[in-house]
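Student: First the structure, then my questions, so here it is.
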Amino acid sequence: MRWSFLSLTSVLAAAAASCGGGGQHCNTGPDAGFSAPIMTVGGETFSFGLFHSSPNADCALDSVTIEGHQGGVQSGFPITFCLRDPSKIGSSPVSLADTSMNGPVRLEDTSAEAAMGCTIAIGSGAPTGTLTFEGFCTTPEEGFNVTFAASVPGKKTCPADAGPAVVTDVTIQLAGTVAVKNHSLFAP
């Protein structure tokens, strides 16, 4: 997980964007936790949980990072994306295809531990599809929902009996809705 130094300006800007996206109210549903399967690669399905958001300023000064982990436990296999300008997030689907510095969302990482000692990781190329936010806000300890409908170029790396690992190009499908809990770093 990436933790960046937070300036007072970025914290205040995140607080000002609180419950942004056209005046929507926070979704006060259940805490983020273990979710239904949201990643599929070939015939394998992977579940992720513990989704949380925080004002890390990873991809822009006022950006928000959202991250979840395989199996619903703190693991080395996350799904991580960054909202460059949280004040522009509403209820309309947000495209993942714009990977420029001005794109609204940047997919930082998606990975999983697969069967037979294999690992799945993000590959090269732009993802396609969307993320849709329901009740998006940055109010501390509140939450919102995110629906994934995306395809991501990936790599599957498997150990070989002898010699180098075997790396195969794969397509990672992200589908489903997860609950995200805002971190207490979103201070008023």
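Chain labels run A, B, ... following the order of the structure tokens; each chain numbers its residues from 1, and ligands are numbered from 1 in the order shown.
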Can you pull out the residues contacting Thr40 in chain A? Cut-off 12 Å, using only C-alpha atoms, and skip same-chain residues under 3 positions away; I want them as a PyMOL selection string.
Tutor: chain A and resi 36-37+43-48+110-114+120+148-152+154+170-176
Student: For the atom pair CA of Thr157 in chain A and CA of Arg106 in chain A, what is the interatomic distance in Å to one decimal place?
Tutor: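 Computed distance, CA of Thr157 in chain A to CA of Arg106 in chain A, equals 23.6 Å.
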Student: Let me make sure I understand: among A:Leu96, A:Gly103, A:Gly163, A:Gly117, which one has the smallest atom-to-atom distance to Thr130 in chain A if we use only C-alpha atoms?
Tutor: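 The shortest atom-to-atom distance to Thr130 in chain A comes from A:Leu96.
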Student: Near Glu134 in chain A, counting only C-alpha atoms, which residues have an atom at most 6 Å away, once you skip same-chain residues fewer than 3 positions from it, shown as a PyMOL selection string?
Tutor: chain A and resi 91+144-145
Student: From the options A:Ala97, A:Met39, A:Val180, A:Val105, which residue's atoms come nearest to Gly143 in chain A, counting only C-alpha atoms?
Tutor: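 Nearest candidate to Gly143 in chain A out of A:Ala97, A:Met39, A:Val180, A:Val105: A:Val180.
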Student: Looking at only C-alpha atoms, which of A:Ala121, A:Leu131, A:Cys82, A:Ala179 is the one that sits closest to Asn102 in chain A?
Tutor: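 Looking at the shortest contact to Asn102 in chain A, the residue is A:Cys82.
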Student: Looking at A:Ser75, A:Ser184, A:Thr168, A:Ser53, which one is nearest to Gly123 in chain A, with distances taken over only C-alpha atoms?
Tutor: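 Looking at the shortest contact to Gly123 in chain A, the residue is A:Thr168.
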Student: Could you check how far CA of Gly72 in chain A sits from CA of Lys181 in chain A, in Å to one decimal?
Tutor: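 Taking CA of Gly72 in chain A and CA of Lys181 in chain A, their separation equals 13.3 Å.
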Student: Find the residues around Asp85 in chain A up to 8 Å (only C-alpha atoms counted), leave out those fewer than 2 positions away in its own chain, and share them as a VMD selection string.
Tutor: chain A and resid 60 62 to 64 83 87 to 89 104
Student: Can you measure CA of Pro153 in chain A to CA of Thr128 in chain A for me? One decimal in Å is fine.
Tutor: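 Computed distance, CA of Pro153 in chain A to CA of Thr128 in chain A, equals 9.0 Å.
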Student: Among range 67-180 of chain A, which ones does DSSP place in strand (DSSP E or B), written as number ranges by chain?
Tutor: A: 67-70, 78-83, 94-95, 105-113, 119-122, 128-134, 143-158, 166-180
Student: Please produce a file of those selected residues containing C-alpha atoms, as a compact mmCIF listing (two decimals), in the first residue's frame.
Tutor:
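Writing the result to result.txt gives the following:
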# COMPACT_ATOMS: atom_id res chain seq x y z
CA GLU A 67 -7.90 -0.40 -2.41
CA GLY A 68 -9.20 -3.87 -1.62
CA HIS A 69 -7.39 -7.16 -0.93
CA GLN A 70 -7.72 -10.72 -2.15
CA PRO A 78 -4.64 -5.85 -4.05
CA ILE A 79 -6.92 -4.06 -6.45
CA THR A 80 -5.92 -0.40 -6.27
CA PHE A 81 -7.13 2.60 -8.22
CA CYS A 82 -6.79 6.34 -7.84
CA LEU A 83 -9.46 9.03 -8.36
CA VAL A 94 -16.44 6.45 -15.22
CA SER A 95 -14.26 5.06 -18.02
CA VAL A 105 -9.52 7.18 -12.69
CA ARG A 106 -6.16 5.43 -12.88
CA LEU A 107 -5.90 1.69 -12.26
CA GLU A 108 -2.75 1.35 -10.15
CA ASP A 109 -2.67 -2.40 -9.52
CA THR A 110 -4.69 -5.56 -9.77
CA SER A 111 -3.20 -8.89 -8.78
CA ALA A 112 -4.10 -12.25 -7.31
CA GLU A 113 -2.58 -15.46 -6.02
CA THR A 119 0.26 -15.22 -9.70
CA ILE A 120 -1.86 -12.82 -11.73
CA ALA A 121 -0.70 -9.23 -12.28
CA ILE A 122 -1.63 -6.23 -14.36
CA THR A 128 -11.47 -1.07 -20.90
CA GLY A 129 -14.80 -0.70 -19.15
CA THR A 130 -16.09 1.37 -16.28
CA LEU A 131 -16.44 1.93 -12.57
CA THR A 132 -19.79 3.21 -11.27
CA PHE A 133 -20.04 4.90 -7.88
CA GLU A 134 -23.15 4.89 -5.71
CA GLY A 143 -18.85 4.64 2.79
CA PHE A 144 -20.07 4.12 -0.74
CA ASN A 145 -20.42 1.36 -3.35
CA VAL A 146 -18.35 0.77 -6.48
CA THR A 147 -19.50 -1.44 -9.36
CA PHE A 148 -16.76 -2.88 -11.57
CA ALA A 149 -17.40 -3.70 -15.26
CA ALA A 150 -13.93 -3.84 -16.80
CA SER A 151 -11.34 -5.88 -18.69
CA VAL A 152 -7.65 -5.46 -17.90
CA PRO A 153 -4.65 -6.85 -19.82
CA GLY A 154 -2.75 -9.13 -17.47
CA LYS A 155 0.05 -11.64 -17.04
CA LYS A 156 -0.13 -15.04 -15.36
CA THR A 157 3.21 -16.24 -14.03
CA CYS A 158 3.62 -19.88 -13.01
CA VAL A 166 6.20 -19.48 -17.52
CA VAL A 167 4.50 -16.14 -18.26
CA THR A 168 1.22 -16.07 -20.21
CA ASP A 169 -0.82 -13.08 -21.38
CA VAL A 170 -4.34 -13.18 -19.90
CA THR A 171 -7.41 -10.98 -19.67
CA ILE A 172 -8.51 -10.01 -16.17
CA GLN A 173 -12.27 -9.46 -15.86
CA LEU A 174 -13.45 -7.25 -13.00
CA ALA A 175 -17.20 -7.49 -12.29
CA GLY A 176 -19.43 -6.94 -9.28
CA THR A 177 -20.25 -4.38 -6.61
CA VAL A 178 -18.24 -3.78 -3.45
CA ALA A 179 -18.70 -1.60 -0.38
CA VAL A 180 -15.90 0.89 0.32
